[in-house]
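Quick notes on the structure that follows.
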Amino acid sequence: MASKTLIFFDLETTGLQTDVCNIIQVSAICEGRAFNGYAVPELPLSEHVRNLTGFAVDGPYLYRHGVVMQTLLVKDLLRRFIDYLSQFYCPLLVAHNAERFDAPVIMRVMAENGLLQRFRQVVSGFVDTYQLIKRLNPSLPGYSLTALARQFLGQRFDAHNALEDAKILEKLFITWRPSKHHVDMCTSSI
């Protein structure tokens, strides 16, 4: 039997409150095939989020660093994300801090848009790389993606762009080469 497919993904949102934040960007990468999409949030962006991500909203338009992004309605964005995930065998979504942030947000927003059942039929679970790297290296000076990219890859990247975050996470995971046992310890089912 083939093993589950690891798909590295990330979300950009209007904030860190998992029970209310809106999704701005959903991105994923697997085997060189990327998914990237944007939605105009209903909630306003805090100054902190604007400064951190470079996103801004003006009426029906979403901008990143002053460039208008092509957007979809969040339900259409999520449908396309599920279609992308459906291309892979038994996908596991791998995210940095999946347990505390990405998984609860994507599950809630899928449910709010009537897509949770379909999502559950496609995705087999989540892997949390924050937990993983803390198990593999419990005494690092920092565990943010930015710090980990500097520490393990010696590089900087366009942080808080979900696609770039997903790409760097995939590179880090390949560099770490965790055992199946370690990955299983940081995996949760849907």
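We label chains A, B, ... in the order they appear in the structure tokens, count residues from 1 in each chain, and number ligands from 1 in the order shown.
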
Task: In chain A, DSSP strand (DSSP E or B) residues written as a PyMOL selection string - done: chain A and resi 5-13+23-30+33-39+55-58+61-64+67-69+71-72+91-95+125-128+187-189

Open item on the list: I want to know what sits within 12 Å of Lys4 (chain A), based on only C-alpha atoms, with residues of the same chain fewer than 3 positions away left out; could you give that as a ChimeraX atom specification?
Closed with: /A:1,7,30,88-94,122-127,180,183-184,187

File dump, residues just selected, all heavy atoms, as a compact mmCIF listing (two decimals), in the first residue's frame:
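Output below, filename out.txt:
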```
# COMPACT_ATOMS: atom_id res chain seq x y z
N MET A 1 0.84 -1.18 0.00
CA MET A 1 0.00 0.00 0.00
C MET A 1 0.88 1.24 0.00
O MET A 1 1.88 1.32 0.71
CB MET A 1 -0.90 -0.02 1.24
CG MET A 1 -1.86 1.12 1.28
SD MET A 1 -3.08 0.83 2.59
CE MET A 1 -3.01 2.40 3.37
N ILE A 7 1.57 17.11 2.00
CA ILE A 7 1.33 18.35 1.28
C ILE A 7 1.59 19.49 2.25
O ILE A 7 0.93 19.60 3.29
CB ILE A 7 -0.10 18.41 0.72
CG1 ILE A 7 -0.31 17.25 -0.26
CG2 ILE A 7 -0.37 19.76 0.06
CD1 ILE A 7 -1.69 17.16 -0.83
N CYS A 30 3.31 20.38 -3.26
CA CYS A 30 3.62 18.95 -3.17
C CYS A 30 4.17 18.50 -4.52
O CYS A 30 3.54 18.75 -5.55
CB CYS A 30 2.38 18.15 -2.82
SG CYS A 30 2.68 16.38 -2.72
N PHE A 88 -3.97 13.95 -5.03
CA PHE A 88 -2.94 13.19 -4.33
C PHE A 88 -3.55 12.04 -3.55
O PHE A 88 -4.70 12.09 -3.13
CB PHE A 88 -2.18 14.11 -3.37
CG PHE A 88 -1.54 15.28 -4.06
CD1 PHE A 88 -2.17 16.51 -4.10
CD2 PHE A 88 -0.31 15.15 -4.70
CE1 PHE A 88 -1.59 17.59 -4.74
CE2 PHE A 88 0.28 16.21 -5.35
CZ PHE A 88 -0.37 17.44 -5.37
N TYR A 89 -2.73 11.00 -3.32
CA TYR A 89 -3.18 9.85 -2.56
C TYR A 89 -3.17 10.17 -1.07
O TYR A 89 -2.13 10.50 -0.51
CB TYR A 89 -2.29 8.63 -2.84
CG TYR A 89 -2.68 7.45 -1.97
CD1 TYR A 89 -3.80 6.69 -2.28
CD2 TYR A 89 -1.96 7.16 -0.82
CE1 TYR A 89 -4.19 5.64 -1.47
CE2 TYR A 89 -2.34 6.11 -0.01
CZ TYR A 89 -3.46 5.36 -0.32
OH TYR A 89 -3.85 4.33 0.48
N CYS A 90 -4.32 10.10 -0.44
CA CYS A 90 -4.45 10.17 1.01
C CYS A 90 -3.62 11.31 1.62
O CYS A 90 -2.72 11.08 2.42
CB CYS A 90 -4.05 8.82 1.60
SG CYS A 90 -4.77 8.47 3.18
N PRO A 91 -3.88 12.57 1.22
CA PRO A 91 -3.03 13.66 1.66
C PRO A 91 -3.06 13.95 3.16
O PRO A 91 -4.11 13.91 3.79
CB PRO A 91 -3.56 14.86 0.87
CG PRO A 91 -4.92 14.49 0.42
CD PRO A 91 -4.98 13.01 0.36
N LEU A 92 -1.88 14.21 3.67
CA LEU A 92 -1.68 14.73 5.02
C LEU A 92 -1.23 16.18 4.85
O LEU A 92 -0.25 16.44 4.14
CB LEU A 92 -0.58 13.97 5.74
CG LEU A 92 -0.92 12.73 6.53
CD1 LEU A 92 0.35 12.04 7.01
CD2 LEU A 92 -1.82 13.04 7.70
N LEU A 93 -1.92 17.11 5.48
CA LEU A 93 -1.54 18.51 5.38
C LEU A 93 -0.49 18.83 6.45
O LEU A 93 -0.73 18.63 7.64
CB LEU A 93 -2.76 19.42 5.56
CG LEU A 93 -3.79 19.33 4.44
CD1 LEU A 93 -4.98 20.24 4.74
CD2 LEU A 93 -3.16 19.71 3.11
N VAL A 94 0.64 19.31 6.00
CA VAL A 94 1.77 19.60 6.88
C VAL A 94 1.87 21.13 7.03
O VAL A 94 2.02 21.84 6.04
CB VAL A 94 3.09 19.06 6.28
CG1 VAL A 94 4.25 19.33 7.21
CG2 VAL A 94 2.96 17.58 5.95
N VAL A 122 -11.31 13.78 1.65
CA VAL A 122 -10.07 13.90 0.88
C VAL A 122 -8.84 13.85 1.78
O VAL A 122 -7.89 13.13 1.51
CB VAL A 122 -10.07 15.21 0.05
CG1 VAL A 122 -8.73 15.44 -0.62
CG2 VAL A 122 -11.19 15.17 -0.98
N VAL A 123 -8.85 14.62 2.85
CA VAL A 123 -7.65 14.80 3.70
C VAL A 123 -7.66 13.79 4.84
O VAL A 123 -8.68 13.58 5.49
CB VAL A 123 -7.61 16.25 4.25
CG1 VAL A 123 -6.45 16.43 5.22
CG2 VAL A 123 -7.50 17.24 3.09
N SER A 124 -6.50 13.17 5.08
CA SER A 124 -6.42 12.15 6.13
C SER A 124 -5.96 12.70 7.47
O SER A 124 -6.10 12.03 8.48
CB SER A 124 -5.50 11.02 5.68
OG SER A 124 -4.20 11.50 5.46
N GLY A 125 -5.40 13.92 7.51
CA GLY A 125 -4.95 14.47 8.78
C GLY A 125 -3.99 15.62 8.60
O GLY A 125 -3.79 16.13 7.49
N PHE A 126 -3.40 16.02 9.73
CA PHE A 126 -2.46 17.14 9.77
C PHE A 126 -1.18 16.72 10.46
O PHE A 126 -1.21 15.94 11.42
CB PHE A 126 -3.06 18.31 10.58
CG PHE A 126 -4.28 18.91 9.97
CD1 PHE A 126 -5.55 18.49 10.34
CD2 PHE A 126 -4.17 19.92 9.01
CE1 PHE A 126 -6.69 19.05 9.78
CE2 PHE A 126 -5.30 20.48 8.44
CZ PHE A 126 -6.55 20.05 8.82
N VAL A 127 -0.07 17.25 9.99
CA VAL A 127 1.23 17.08 10.65
C VAL A 127 1.67 18.46 11.11
O VAL A 127 1.66 19.42 10.33
CB VAL A 127 2.29 16.49 9.69
CG1 VAL A 127 3.64 16.39 10.38
CG2 VAL A 127 1.84 15.15 9.14
N LYS A 180 9.55 8.17 10.27
CA LYS A 180 8.09 7.98 10.23
C LYS A 180 7.53 8.04 11.65
O LYS A 180 6.47 8.60 11.90
CB LYS A 180 7.74 6.66 9.55
CG LYS A 180 6.23 6.45 9.44
CD LYS A 180 5.91 5.12 8.79
CE LYS A 180 4.43 4.86 8.65
NZ LYS A 180 3.57 5.25 9.72
N VAL A 183 7.22 11.65 12.70
CA VAL A 183 6.10 12.28 11.97
C VAL A 183 4.77 11.80 12.56
O VAL A 183 3.88 12.62 12.82
CB VAL A 183 6.19 11.99 10.46
CG1 VAL A 183 4.94 12.47 9.74
CG2 VAL A 183 7.44 12.64 9.87
N ASP A 184 4.66 10.50 12.81
CA ASP A 184 3.42 9.95 13.39
C ASP A 184 3.10 10.57 14.73
O ASP A 184 1.94 10.80 15.07
CB ASP A 184 3.51 8.44 13.50
CG ASP A 184 3.44 7.71 12.18
OD1 ASP A 184 3.07 8.35 11.16
OD2 ASP A 184 3.77 6.51 12.15
N THR A 187 1.25 13.85 14.20
CA THR A 187 0.15 13.78 13.26
C THR A 187 -1.16 13.64 14.01
O THR A 187 -1.27 12.87 14.95
CB THR A 187 0.34 12.59 12.31
OG1 THR A 187 1.57 12.77 11.58
CG2 THR A 187 -0.80 12.47 11.31
```

Open item on the list: Taking only chain A into account, list the residues labelled alpha helix (DSSP H) by DSSP (computed from the backbone), as a VMD selection string.
Closed with: chain A and resid 47 to 53 74 to 85 103 to 112 116 to 122 129 to 136 145 to 148 162 to 176 180 to 185

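Atom pair CA of Leu72 (chain A) / CA of Phe55 (chain A) has a distance of 15.5 Å (rounded to one decimal).
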
Open item on the list: as a PyMOL selection string, please: the residues near Asn161 (chain A) (cut-off 9 Å, only C-alpha atoms, same-chain neighbours under 3 positions excluded).
Closed with: chain A and resi 10-12+25+27+53-54+158+164-166

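Among the candidates A:Ala34, A:Ala95, A:Leu132, A:Val40, the residue lying nearest to Met69 (chain A) is A:Val40 (atoms considered: only C-alpha atoms).
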
Open item on the list: With only C-alpha atoms as the counted atoms, please give the residues lying no more than 9 Å from region 143-151 of chain A, apart from itself and same-chain residues fewer than 6 positions off, as a ChimeraX atom specification.
Closed with: /A:96,130,133-134,157,159,165,168-169,171-172

Convert the current residue selection to file output with C-alpha atoms, as a CSV table (one decimal), in the first residue's frame.
```csv
chain,number,residue,atom,x,y,z
A,96,HIS,CA,4.0,24.9,11.0
A,130,TYR,CA,6.4,23.0,15.1
A,133,ILE,CA,11.1,20.2,15.2
A,134,LYS,CA,10.8,20.8,19.0
A,157,PHE,CA,12.5,34.2,2.4
A,159,ALA,CA,7.8,35.3,5.2
A,165,ASP,CA,6.0,29.7,3.8
A,168,ILE,CA,10.3,26.8,2.9
A,169,LEU,CA,8.5,24.4,5.1
A,171,LYS,CA,12.7,22.4,2.2
A,172,LEU,CA,13.1,22.3,6.0
```

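Look at Pro104 (chain A): the protein and nucleic acid residues within 7 Å of it, using only C-alpha atoms and passing over chain neighbours fewer than 4 places away, are Thr18, Arg100 and Arg108 of chain A.
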
TODO: Tell me, in Å to one decimal, how far CA of Asn137 (chain A) is from CA of Ile106 (chain A).
DONE: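 Those two atoms sit 27.8 Å apart.
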
Task: Long-range neighbours of region 76-78 of chain A as an NGL selection string, 8 Å cut-off, only C-alpha atoms, 2 positions minimum in chain - done: :A and (26 or 37-39 or 72-74 or 80-82 or 110 or 115)

- [ ] Write out as number ranges by chain which residues come within 12 Å of Asp19 (chain A) when counting only C-alpha atoms, dropping same-chain ones fewer than 4 positions away.
- [x] A: 13-15, 23, 100-109, 111-112

Open item on the list: Between A:Gly114, A:Arg33, A:Ile24, A:Ala98, which residue has the minimum interatomic distance to Gln70 (chain A), considering only C-alpha atoms?
Closed with: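 Smallest separation from Gln70 (chain A) among the options: A:Ile24.
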
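Candidate residues A:His48, A:Arg118, A:Arg79, A:Trp176 were compared for distance to Leu153 (chain A), and the nearest is A:Trp176, using only C-alpha atoms.
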
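Between His160 (chain A) and the residues A:Val49, A:Leu16, A:Phe35, A:Asn22, the shortest atom-to-atom distance, using only C-alpha atoms, involves A:Val49.
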
Open item on the list: Calculated over only C-alpha atoms, which of the candidates A:Pro44, A:Arg135, A:Gly59, A:Tyr84 has the smallest distance to Met185 (chain A)?
Closed with: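 Answer, going by the shortest atom-to-atom distance: A:Arg135.
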
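Of note, CA of Gly32 (chain A) and CA of Gly142 (chain A) are spaced 28.1 Å apart.
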